Structure formats: C-alpha cells, structure tokens
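Have a look at start_12.tsv below; it lists TSV, C-alpha atoms.
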chain	number	residue	atom	x	y	z
R	1	MET	CA	26.69	44.86	78.02
R	2	SER	CA	28.67	42.59	80.30
R	3	ALA	CA	31.05	40.10	78.77
R	4	ASN	CA	29.42	37.45	80.97
R	5	GLN	CA	25.89	38.26	79.77
R	6	MET	CA	24.29	35.15	78.33
R	7	LEU	CA	21.32	36.59	76.45
R	8	THR	CA	20.58	39.66	74.40
R	9	LEU	CA	17.23	41.34	73.94
R	10	ALA	CA	17.25	39.96	70.40
R	11	ALA	CA	17.23	36.47	71.84
R	12	LEU	CA	14.06	37.30	73.74
R	13	GLY	CA	12.43	38.91	70.76
R	14	ASP	CA	9.83	36.19	70.27
R	15	VAL	CA	8.76	36.20	73.87
R	16	GLU	CA	5.19	37.39	74.16
R	17	VAL	CA	4.22	39.79	76.87
R	18	SER	CA	0.82	40.99	77.88
R	19	ILE	CA	-0.21	44.47	76.89
R	20	ALA	CA	-3.02	46.30	78.56
R	21	VAL	CA	-4.37	49.78	78.15
R	22	THR	CA	-5.89	51.54	81.10
R	23	PHE	CA	-8.55	54.10	80.43
R	24	GLY	CA	-8.79	55.60	83.85
R	25	ALA	CA	-9.90	55.05	87.38
R	26	SER	CA	-12.48	56.30	89.78
R	27	ARG	CA	-13.39	55.93	93.40
R	28	CYS	CA	-16.75	54.64	94.55
R	29	ARG	CA	-18.25	53.58	97.81
R	30	VAL	CA	-19.03	49.97	98.60
R	31	SER	CA	-22.74	50.78	98.43
R	32	ASP	CA	-22.29	52.24	94.95
R	33	VAL	CA	-20.54	49.13	93.68
R	34	LEU	CA	-23.14	46.85	95.21
R	35	ALA	CA	-25.81	48.80	93.35
R	36	PHE	CA	-24.20	48.28	89.97
R	37	THR	CA	-26.41	46.57	87.42
R	38	GLU	CA	-26.26	45.95	83.72
R	39	GLY	CA	-26.43	49.35	82.08
R	40	THR	CA	-24.87	51.24	84.95
R	41	ILE	CA	-22.50	53.91	83.72
R	42	VAL	CA	-19.29	54.19	85.68
R	43	MET	CA	-17.73	57.58	85.28
R	44	LEU	CA	-13.96	57.61	85.13
R	45	GLY	CA	-11.84	60.45	86.35
R	46	ALA	CA	-10.00	60.83	83.08
R	47	ARG	CA	-11.16	63.31	80.51
R	48	ALA	CA	-12.09	61.85	77.14
R	49	ASP	CA	-9.00	63.30	75.51
R	50	ALA	CA	-6.58	62.39	78.28
R	51	PRO	CA	-3.69	60.08	77.38
R	52	VAL	CA	-4.01	56.42	78.26
R	53	ASP	CA	-1.35	54.31	79.90
R	54	VAL	CA	0.03	51.29	78.12
R	55	LEU	CA	1.19	48.54	80.43
R	56	VAL	CA	3.40	45.58	79.81
R	57	ASN	CA	2.89	42.83	82.33
R	58	GLY	CA	1.64	45.46	84.73
R	59	ILE	CA	4.43	47.95	84.14
R	60	ALA	CA	3.57	51.28	82.54
R	61	VAL	CA	5.88	51.61	79.55
R	62	ALA	CA	4.17	54.26	77.48
R	63	SER	CA	1.31	56.66	77.27
R	64	GLY	CA	-0.61	57.56	74.20
R	65	ASP	CA	-3.75	58.89	72.63
R	66	ILE	CA	-6.74	56.90	71.56
R	67	VAL	CA	-7.21	57.34	67.83
R	68	GLU	CA	-9.62	55.94	65.32
R	69	LEU	CA	-8.12	54.25	62.28
R	70	ASP	CA	-9.50	54.56	58.76
R	71	ASP	CA	-11.30	51.24	59.03
R	72	GLY	CA	-13.05	52.30	62.21
R	73	ALA	CA	-10.82	50.30	64.51
R	74	LEU	CA	-9.47	51.88	67.60
R	75	ALA	CA	-5.78	52.27	68.29
R	76	VAL	CA	-3.38	53.89	70.69
R	77	GLU	CA	-0.85	56.25	69.21
R	78	ILE	CA	2.23	56.34	71.40
R	79	ARG	CA	2.93	59.81	72.72
R	80	ASP	CA	5.62	59.09	75.28
R	81	VAL	CA	7.73	56.05	75.97
R	82	ARG	CA	8.80	55.74	79.54
R	83	ALA	CA	12.37	54.81	80.15
R	84	ALA	CA	11.65	53.51	83.62
R	85	GLY	CA	8.21	52.01	84.08
R	86	SER	CA	6.13	52.21	87.18
R	87	GLU	CA	4.13	49.24	88.38
R	88	VAL	CA	0.41	49.61	88.60
R	89	GLU	CA	-2.51	47.27	89.15
R	90	ASN	CA	-1.97	44.29	86.91
R	91	PRO	CA	-4.95	43.57	84.71
R	92	ALA	CA	-6.23	40.04	84.40
O	1	MET	CA	-48.30	32.65	129.80
O	2	TRP	CA	-50.32	29.67	128.71
O	3	CYS	CA	-51.55	26.81	130.81
O	4	ALA	CA	-52.46	23.59	129.04
O	5	LEU	CA	-54.77	21.28	130.91
O	6	ASP	CA	-55.76	18.03	129.30
O	7	ALA	CA	-59.16	16.38	129.80
O	8	PRO	CA	-58.07	13.81	132.43
O	9	SER	CA	-56.38	16.51	134.49
O	10	HIS	CA	-59.42	18.74	134.10
O	11	ARG	CA	-61.57	15.90	135.36
O	12	THR	CA	-59.25	15.23	138.30
O	13	LEU	CA	-59.21	18.86	139.41
O	14	LEU	CA	-62.98	19.01	139.21
O	15	GLU	CA	-63.29	15.81	141.20
O	16	TRP	CA	-61.11	17.21	143.94
O	17	ILE	CA	-63.10	20.41	144.11
O	18	LEU	CA	-66.49	18.72	144.06
O	19	ASP	CA	-65.29	15.84	146.16
O	20	GLY	CA	-66.83	13.56	143.59
O	21	PRO	CA	-66.92	12.97	139.86
O	22	GLY	CA	-68.26	15.56	137.45
O	23	ALA	CA	-70.35	15.03	134.35
O	24	PRO	CA	-68.90	12.79	131.63
O	25	THR	CA	-68.62	15.89	129.50
O	26	PRO	CA	-67.82	18.96	131.60
O	27	THR	CA	-70.68	21.41	131.78
O	28	ALA	CA	-70.20	25.15	131.48
O	29	VAL	CA	-70.47	25.50	135.25
O	30	GLU	CA	-67.90	22.80	135.82
O	31	ARG	CA	-65.53	24.42	133.35
O	32	THR	CA	-65.91	27.70	135.20
O	33	ILE	CA	-65.14	25.98	138.48
O	34	VAL	CA	-61.96	24.48	137.12
O	35	SER	CA	-61.04	27.77	135.50
O	36	GLU	CA	-61.34	29.58	138.83
O	37	CYS	CA	-59.32	26.84	140.47
O	38	VAL	CA	-56.53	27.37	137.97
O	39	ASP	CA	-56.84	31.09	138.54
O	40	ARG	CA	-56.25	30.66	142.24
O	41	LEU	CA	-53.43	28.21	141.73
O	42	LEU	CA	-51.53	30.27	139.25
O	43	ALA	CA	-52.54	33.88	139.77
O	44	THR	CA	-49.49	36.07	140.05
O	45	SER	CA	-51.55	39.09	141.06
O	46	ALA	CA	-55.11	40.00	141.80
O	47	ASP	CA	-55.45	41.45	138.32
O	48	THR	CA	-54.30	38.35	136.50
O	49	ARG	CA	-57.13	36.39	134.98
O	50	TRP	CA	-56.84	33.28	132.91
O	51	ARG	CA	-58.88	33.07	129.76
O	52	GLU	CA	-59.98	29.61	128.82
O	53	SER	CA	-59.52	28.44	125.29
O	54	ALA	CA	-60.43	24.95	124.19
O	55	GLY	CA	-58.56	23.03	121.58
O	56	LYS	CA	-55.00	23.03	120.42
O	57	ILE	CA	-52.98	26.17	120.55
O	58	ARG	CA	-50.18	26.59	118.11
O	59	LEU	CA	-47.50	28.55	119.87
O	60	GLN	CA	-45.80	31.05	117.62
O	61	HIS	CA	-42.87	31.68	119.86
O	62	ASP	CA	-39.95	29.95	121.45
O	63	VAL	CA	-41.21	29.10	124.91
O	64	TRP	CA	-40.11	28.07	128.32
O	65	GLN	CA	-42.11	25.12	129.52
O	66	LEU	CA	-42.96	24.02	133.05
O	67	ALA	CA	-44.80	20.83	133.91
O	68	LEU	CA	-46.72	21.16	137.16
O	69	GLU	CA	-47.86	17.88	138.60
O	70	ILE	CA	-50.45	17.91	141.40
O	71	SER	CA	-51.09	14.61	143.13
O	72	GLY	CA	-53.39	13.46	145.85
O	73	GLU	CA	-55.90	10.79	146.77
O	74	GLY	CA	-54.46	8.37	144.25
O	75	ALA	CA	-54.91	10.74	141.33
O	76	SER	CA	-52.90	13.44	139.71
O	77	ALA	CA	-53.49	16.42	137.48
O	78	SER	CA	-50.92	17.83	135.15
O	79	LEU	CA	-50.72	21.47	134.23
O	80	ARG	CA	-48.26	22.50	131.60
O	81	LEU	CA	-47.24	26.11	131.68
O	82	PHE	CA	-45.70	27.93	128.79
O	83	THR	CA	-44.27	31.37	128.62
O	84	ALA	CA	-42.62	33.11	125.72
O	85	ALA	CA	-38.89	32.95	125.89
O	86	GLU	CA	-37.40	36.29	125.20
O	87	ALA	CA	-34.71	35.60	122.75
O	88	GLN	CA	-31.45	36.68	124.15
O	89	VAL	CA	-30.04	38.01	120.94
O	90	ARG	CA	-26.51	39.17	121.26
O	91	VAL	CA	-26.15	41.94	118.78
O	92	THR	CA	-22.66	41.84	117.46
O	93	PRO	CA	-21.76	45.22	116.07
O	94	HIS	CA	-20.58	45.12	112.50
O	95	PRO	CA	-18.65	47.89	110.84
O	96	VAL	CA	-20.71	49.92	108.43
O	97	LEU	CA	-19.18	49.20	105.06
O	98	ASP	CA	-21.42	51.26	102.80
O	99	ASP	CA	-19.18	54.28	102.80
O	100	VAL	CA	-15.89	52.46	102.46
O	101	PRO	CA	-14.19	53.81	99.35
O	102	LEU	CA	-13.15	51.41	96.62
O	103	GLU	CA	-10.97	52.11	93.65
O	104	LEU	CA	-12.16	51.10	90.23
O	105	ARG	CA	-9.94	50.84	87.20
O	106	ALA	CA	-10.96	50.43	83.62
O	107	TRP	CA	-8.88	48.36	81.27
O	108	LEU	CA	-8.85	47.22	77.74
O	109	ARG	CA	-8.55	43.48	77.91
O	110	ALA	CA	-4.90	42.45	77.74
O	111	PHE	CA	-3.48	41.21	74.45
O	112	PRO	CA	-0.10	39.66	73.59
O	113	VAL	CA	2.80	41.45	71.90
O	114	ARG	CA	6.25	40.11	71.13
O	115	LEU	CA	9.16	41.77	72.90
O	116	SER	CA	10.81	42.52	69.58
O	117	ASP	CA	7.75	44.54	68.52
O	118	LEU	CA	7.62	46.22	71.87
O	119	ALA	CA	11.27	47.25	71.61
O	120	SER	CA	10.51	49.14	68.44
O	121	TRP	CA	7.82	51.31	69.96
O	122	GLN	CA	8.49	55.00	69.78
O	123	ARG	CA	6.57	58.23	69.66
O	124	GLY	CA	4.00	57.95	66.89
O	125	THR	CA	3.76	54.15	66.90
O	126	VAL	CA	0.18	53.08	66.45
O	127	ILE	CA	-1.02	50.07	68.43
O	128	ARG	CA	-4.16	48.63	66.98
O	129	LEU	CA	-6.72	47.62	69.56
O	130	SER	CA	-9.45	45.05	69.29
O	131	GLY	CA	-12.88	46.52	68.82
O	132	GLY	CA	-14.21	49.62	67.20
O	133	VAL	CA	-14.88	53.08	68.52
O	134	ASN	CA	-18.25	52.14	69.90
O	135	ASP	CA	-17.61	48.68	71.20
O	136	ILE	CA	-14.32	48.52	72.99
O	137	PRO	CA	-14.59	45.58	75.35
O	138	THR	CA	-13.51	46.95	78.66
O	139	GLN	CA	-12.98	45.48	82.05
O	140	VAL	CA	-13.78	47.42	85.17
O	141	ARG	CA	-12.05	46.04	88.18
O	142	VAL	CA	-12.58	46.81	91.78
O	143	VAL	CA	-8.92	46.97	92.70
O	144	GLY	CA	-8.09	43.72	94.42
O	145	GLY	CA	-11.53	42.31	93.68
O	146	PRO	CA	-13.96	41.27	91.03
O	147	VAL	CA	-14.08	42.32	87.42
O	148	MET	CA	-17.09	43.63	85.58
O	149	PHE	CA	-17.39	44.05	81.85
O	150	GLY	CA	-18.55	46.97	79.83
O	151	THR	CA	-17.95	49.20	76.88
O	152	LEU	CA	-16.02	52.42	76.79
O	153	GLY	CA	-17.85	55.62	76.11
O	154	CYS	CA	-17.81	59.27	76.98
O	155	THR	CA	-20.11	61.29	79.23
O	156	ASN	CA	-19.82	64.97	79.99
O	157	GLY	CA	-16.34	65.07	78.54
O	158	HIS	CA	-15.09	62.21	80.68
O	159	ARG	CA	-14.52	58.59	79.87
O	160	ALA	CA	-17.18	56.30	81.18
O	161	ILE	CA	-17.95	52.61	81.09
O	162	ARG	CA	-21.41	51.21	80.52
O	163	LEU	CA	-21.51	47.92	82.37
O	164	ASN	CA	-22.94	45.01	80.45
O	165	GLY	CA	-21.74	41.95	82.25
O	166	SER	CA	-21.97	40.41	85.61
O	167	ALA	CA	-19.09	40.51	87.96
O	168	ALA	CA	-16.60	37.70	87.93
O	169	ARG	CA	-14.10	37.16	90.68
O	170	THR	CA	-10.56	36.62	89.55
O	171	GLY	CA	-7.45	35.69	91.37
O	172	ALA	CA	-5.55	38.60	89.89
O	173	ARG	CA	-4.42	41.29	92.21

Show this structure as structure tokens.
Amino acid sequence: MSANQMLTLAALGDVEVSIAVTFGASRCRVSDVLAFTEGTIVMLGARADAPVDVLVNGIAVASGDIVELDDGALAVEIRDVRAAGSEVENPA
Amino acid sequence: MWCALDAPSHRTLLEWILDGPGAPTPTAVERTIVSECVDRLLATSADTRWRESAGKIRLQHDVWQLALEISGEGASASLRLFTAAEAQVRVTPHPVLDDVPLELRAWLRAFPVRLSDLASWQRGTVIRLSGGVNDIPTQVRVVGGPVMFGTLGCTNGHRAIRLNGSAARTGAR
C-alpha cells in the first residue's frame, strides 16, 4: 500500500455493489426472437450442472455451483474466486 | 380507360350529329349514336370498343385524368377521360434480417452486496439467491437490446428459461 493512499478497502466496506449471476447464453436468429411468446422455452448452451458466473458491477469475480439450501432456497456456492475479473455484458 | 360524359355533353354531341335536338330523354337509338360517336373520337385501334355504363362509377384506382373539351356552334361538350395510373413503386431493397444471429444471456436479477461481504468470499462461500428452485426470476436479454423475463429450468440436461413476461427495452448495454 502506498504511503500516499487515502483510502483502504475497509473504508469502502459499506459500499454496496450489484451482484448478478449469469446462467448461460445462447445464440438465436432475429426471426426466432421475434417469435418468442409467453411460455417459449429458451435453451441455454450451459449444461444444468455447469458452474455459473458471479458478476460484480459487470465484472466476473467468481464462479460457483447452484445449490439448494435446506429451506428450499437457491444459492450459489463459490467454487473459484477470480483474482482478475473479466468484463462481460452488464445486467440491468 | 373510362370516359365520363355528362347529360348536357351527351345532348350536345347528339345535337351535332343529328343537326338538331334529340329527345328530352335520350332514346336507346340516340344513346347508341352518341356511343358510336365516342367510339370514333377515342378509338385507339379498330378493336377498341367502348362499353356504355350509366350512372356513377366509383374508381378503385389512382387515375390519370384528361378533360377533353369539344366546342362548336356556340355549344361545347366535355369528355373526361380516366386511365389507371400505374403506381411507380420504387422498391427499396431491405436487408433480410431473419437470419441475423443474436446473442441471448440469462441472468438472475442483480442484487446488492456490501464490499466488505464481497471481500470475504472464498471457495465454499454460499450466496443465497432470491427465489426457490422452481421459481428463480430470470432475465433473458438480447445482448444490447430488450429484456424478457422468465424462470430458470432444465431441459435435456441443459439450462433453459421459460419466458413469462413481455419484453421491456432498457438502456443498459
């Protein structure tokens, strides 16, 4: 840490960032997308047991597995934490 | 082509041909005489014959219109000619977009986390998500475009999203 550094990570601890989990992607044609209706099933390329990416403000910081908790809620169990994130499509 | 001839003009043409007035109401013979006169005036070929039709004609097309005024002996007859205007439609070629590939991405809706919590993440950390196994609210975005909503599921061993909401355009890239 530089002697001139003004802030530490601890000072930013209460800052909230946006977490998103991406389940996968697929490619479609324009005509396919225009035909989408309620009930349409969009197949993703990822296998059901494939790890998901966890993004922080659009930066992939970790990957993990989707797990079901005892109370039926869904969760992501971190498998790998990425030291250097890669930017991907930022979710809304 | 249509030729509209009103009653006064009909009467004037007949008067010229007969060299005197016709009946107050044109007889069948007089109508035939005028019809043949129009035929001779306007025939474009020997095979062209005009078919007389009384009453108003509602033209169903865009038309070119020509007013033909014939004058003589202090009277005049007016023939109005109509012909269908062939629409000069300039067909501007458009690219066929149907087969253009688009990328779709499926997301769990974003939720907030404090940086201090994030800093403590490590292998094995469990991040609780909103929703249960069967109702994870998911967004499907056309990359760079609108977002649709659905629920996460599994089909043939692959993740899949069943769409349940209409698309909404967002400003997010």

Per residue of chain R within 8 Å of chain O, note the shortest atom pair and the distance in Å to one decimal, counting only C-alpha atoms, and order the rows by chain and increasing residue number, as a Markdown table.
| residue | atom | partner | partner_atom | distance |
| --- | --- | --- | --- | --- |
| R:Leu9 | CA | O:Ser116 | CA | 7.8 |
| R:Ala10 | CA | O:Ser116 | CA | 7.0 |
| R:Leu12 | CA | O:Leu115 | CA | 6.7 |
| R:Gly13 | CA | O:Ser116 | CA | 4.1 |
| R:Asp14 | CA | O:Arg114 | CA | 5.4 |
| R:Val15 | CA | O:Arg114 | CA | 5.4 |
| R:Glu16 | CA | O:Arg114 | CA | 4.2 |
| R:Val17 | CA | O:Pro112 | CA | 5.4 |
| R:Ser18 | CA | O:Pro112 | CA | 4.6 |
| R:Ile19 | CA | O:Ala110 | CA | 5.2 |
| R:Ala20 | CA | O:Ala110 | CA | 4.4 |
| R:Val21 | CA | O:Leu108 | CA | 5.2 |
| R:Thr22 | CA | O:Trp107 | CA | 4.4 |
| R:Phe23 | CA | O:Ala106 | CA | 5.4 |
| R:Gly24 | CA | O:Ala106 | CA | 5.6 |
| R:Ala25 | CA | O:Arg105 | CA | 4.2 |
| R:Ser26 | CA | O:Leu104 | CA | 5.2 |
| R:Arg27 | CA | O:Glu103 | CA | 4.5 |
| R:Cys28 | CA | O:Leu102 | CA | 5.3 |
| R:Arg29 | CA | O:Pro101 | CA | 4.3 |
| R:Val30 | CA | O:Asp98 | CA | 5.0 |
| R:Ser31 | CA | O:Asp98 | CA | 4.6 |
| R:Asp32 | CA | O:Asp98 | CA | 8.0 |
| R:Thr37 | CA | O:Leu163 | CA | 7.2 |
| R:Glu38 | CA | O:Asn164 | CA | 4.8 |
| R:Gly39 | CA | O:Leu163 | CA | 5.1 |
| R:Thr40 | CA | O:Leu163 | CA | 5.4 |
| R:Ile41 | CA | O:Arg162 | CA | 4.3 |
| R:Val42 | CA | O:Ile161 | CA | 5.0 |
| R:Met43 | CA | O:Ala160 | CA | 4.3 |
| R:Leu44 | CA | O:Ala160 | CA | 5.3 |
| R:Gly45 | CA | O:His158 | CA | 6.8 |
| R:Ala46 | CA | O:His158 | CA | 5.8 |
| R:Arg47 | CA | O:His158 | CA | 4.1 |
| R:Ala48 | CA | O:His158 | CA | 4.7 |
| R:Glu68 | CA | O:Val133 | CA | 6.8 |
| R:Gly72 | CA | O:Gly132 | CA | 5.8 |
| R:Ala73 | CA | O:Gly132 | CA | 4.4 |
| R:Leu74 | CA | O:Gly132 | CA | 5.3 |
| R:Ala75 | CA | O:Arg128 | CA | 4.2 |
| R:Val76 | CA | O:Ile127 | CA | 5.0 |
| R:Glu77 | CA | O:Val126 | CA | 4.3 |
| R:Ile78 | CA | O:Arg123 | CA | 5.0 |
| R:Arg79 | CA | O:Arg123 | CA | 5.0 |
| R:Asp80 | CA | O:Arg123 | CA | 5.8 |
| R:Val81 | CA | O:Gln122 | CA | 6.3 |
| R:Glu89 | CA | O:Arg173 | CA | 7.0 |
| R:Asn90 | CA | O:Arg173 | CA | 6.6 |
| R:Pro91 | CA | O:Ala110 | CA | 7.1 |
| R:Ala92 | CA | O:Ala172 | CA | 5.7 |

Take CA of Gly20 (chain O) and CA of Asp39 (chain O) and report the distance between them in Å, one decimal.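 Answer for the CA of Gly20 (chain O) to CA of Asp39 (chain O) separation: 20.8 Å.
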
Hey, can you check how far CA of Arg82 (chain R) sits from CA of Asp53 (chain R)?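 CA of Asp53 (chain R) lies at a distance of 10.3 Å from CA of Arg82 (chain R).
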
In terms of the shortest atom-to-atom distance over all atoms listed in the file, which of O:Cys3, O:Ser71, O:Pro146, O:Ala23 is closest to Glu52 (chain O)?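 So, comparing all the options, the nearest one is O:Cys3.
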
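Straight-line separation from CA of Thr83 (chain O) to CA of Leu41 (chain O): 16.3 Å.
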
Provide an axis-aligned box for all listed atoms of region 18-34 of chain O, padding each side by 3 Å; report its centre and its edge lengths in Å to one decimal, as AutoDock Vina command-line options.
--center_x -66.3 --center_y 20.2 --center_z 137.8 --size_x 14.7 --size_y 20.9 --size_z 22.7
